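Asker: Could you have a look at this structure, given as structure tokens, before my questions?
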Amino acid sequence: MKATIIAIGKCKKNAPEAAIIAEYIKRSGWEVVIKEQNNSNQTDEAKFLQSSIPHGAKVIVLDERGVNISSSELAAKVENWLNDGCSEICFLIGGADGHLQSTRDKADLILSFGKLTLPHILMRAVLCEQIYRLQTIINHHPYHRE
């Protein structure tokens with residue numbers, strides 16, 4: 001499985017979040033790729049996000065209006081996609097003003113990590129941990145506890 005994170009806002013190489021991101025990518029049994037673009041206007045951000053979606057990938061848009069599900073529920077959904085032949089999932093992280101409706105329309109799942117507002121770089125670190133967690137749940141590894 002390949003997981004692509006397409007994000008608005010660039011992470012500085014020496015940022016503390018960069019170390020967390022790198023650690024979870026290193027632990028991952030999946031190929032994890034991050035594509036990023038600096039903040040701009042919402043229309044240009046949407047063009048970048050939408051044009052970067054890999055062909056055939058399942059698209060998960062991170063949006064405060066999305067469903068708030070547990071890690072186990074998300075792992076079950078991803079496992080079903082895997083069993084149906086999906087080989088790539090793609091996560092879209094928008095800019096400060098969020099996603100345009102045209103981006104949300106591309107989603108196979110609109111996912112919320114709750115009502116809290118997180119800095120985009122920190123959200124990327126949390127997402128990388130969750131990608132690792134999904135794998136451990138799917139593989140019945142004891143990392144995740146209910």
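Following the order of the structure tokens, chains are lettered A, B, ..., residues in each are numbered from 1, and ligands are numbered from 1.
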Determine, using only C-alpha atoms, which residues of segment 14-92 of chain A have any atom at most 7 Å from an atom of segment 100-120 of chain A, and tabulate each with its shortest atom pair and distance in Å to one decimal place, rows ordered by chain and then rising number, as CSV.
Answerer:
residue,atom,partner,partner_atom,distance
A:Ala46,CA,A:Thr103,CA,6.3
A:Gln50,CA,A:Thr103,CA,6.4
A:Lys58,CA,A:Asp108,CA,6.0
A:Val59,CA,A:Ala107,CA,4.9
A:Ile60,CA,A:Leu109,CA,4.8
A:Val61,CA,A:Ile110,CA,4.8
A:Leu62,CA,A:Leu111,CA,4.9
A:Asp63,CA,A:Ser112,CA,5.3
A:Glu64,CA,A:Ser112,CA,4.9
A:Arg65,CA,A:Ser112,CA,6.4
A:Gly66,CA,A:Leu111,CA,4.4
A:Val67,CA,A:Leu111,CA,5.0
A:Asn68,CA,A:Ser112,CA,5.0
Asker: Skip His140 of chain A itself and residues of its chain fewer than 4 positions away, then list as number ranges by chain all residues within 12 Å of it, counting only C-alpha atoms.
Answerer: A: 72, 75-76, 79, 133-136, 144-145
Asker: Can you pull out every residue within 10 Å of Ser40 of chain A, counting only C-alpha atoms, but drop anything in the same chain fewer than 4 positions away, and send it as a list in words?
Answerer: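 Once the adjacent positions are removed, what remains is Ile8, Gly9, Asp44, Glu45, Ala46, Gly95 and Ala96 of chain A.
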Asker: Write the residues of the selection above to a file with N, CA and C atoms, as a PDB file, in the first residue's frame.
Answerer:
ATOM      1  N   ILE A   8      -1.050  21.605   1.886  1.00  0.00           N
ATOM      2  CA  ILE A   8      -0.738  23.014   1.709  1.00  0.00           C
ATOM      3  C   ILE A   8       0.097  23.439   2.909  1.00  0.00           C
ATOM      4  N   GLY A   9       1.172  24.154   2.645  1.00  0.00           N
ATOM      5  CA  GLY A   9       2.104  24.575   3.686  1.00  0.00           C
ATOM      6  C   GLY A   9       3.298  23.646   3.706  1.00  0.00           C
ATOM      7  N   ASP A  44      -5.941  28.371  -6.088  1.00  0.00           N
ATOM      8  CA  ASP A  44      -4.670  27.756  -6.491  1.00  0.00           C
ATOM      9  C   ASP A  44      -4.351  26.538  -5.623  1.00  0.00           C
ATOM     10  N   GLU A  45      -4.665  26.633  -4.338  1.00  0.00           N
ATOM     11  CA  GLU A  45      -4.459  25.481  -3.453  1.00  0.00           C
ATOM     12  C   GLU A  45      -5.297  24.297  -3.925  1.00  0.00           C
ATOM     13  N   ALA A  46      -6.554  24.555  -4.263  1.00  0.00           N
ATOM     14  CA  ALA A  46      -7.438  23.482  -4.735  1.00  0.00           C
ATOM     15  C   ALA A  46      -6.917  22.865  -6.022  1.00  0.00           C
ATOM     16  N   GLY A  95      -5.345  24.397   3.075  1.00  0.00           N
ATOM     17  CA  GLY A  95      -4.720  25.567   3.673  1.00  0.00           C
ATOM     18  C   GLY A  95      -5.561  26.131   4.809  1.00  0.00           C
ATOM     19  N   ALA A  96      -5.192  27.317   5.239  1.00  0.00           N
ATOM     20  CA  ALA A  96      -5.837  27.946   6.394  1.00  0.00           C
ATOM     21  C   ALA A  96      -7.334  28.157   6.208  1.00  0.00           C
TER      22      ALA A  96
END
Asker: Rank A:Glu17, A:Glu73, A:Arg27, A:Lys12 by their smallest atom-to-atom distance to Tyr143 of chain A, using only C-alpha atoms, and report the top residue only.
Answerer: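 Answer, going by the shortest atom-to-atom distance: A:Arg27.
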Asker: Could you pull out the alpha helix (DSSP H) residues of chain A, going by DSSP on the backbone, and write them as number ranges by chain?
Answerer: A: 16-27, 42-51, 71-83, 101-104, 120-138
Asker: Could you jot down the atom CA of Val126 of chain A to atom CA of Glu146 of chain A separation for me, Å, one decimal place?
Answerer: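 One can read the atom CA of Val126 of chain A to atom CA of Glu146 of chain A distance as 18.1 Å.
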Asker: Rounded to one decimal place, report the atom CA of Val33 of chain A-atom CA of Ile6 of chain A distance in Å.
Answerer: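 One can read the atom CA of Val33 of chain A to atom CA of Ile6 of chain A distance as 8.4 Å.
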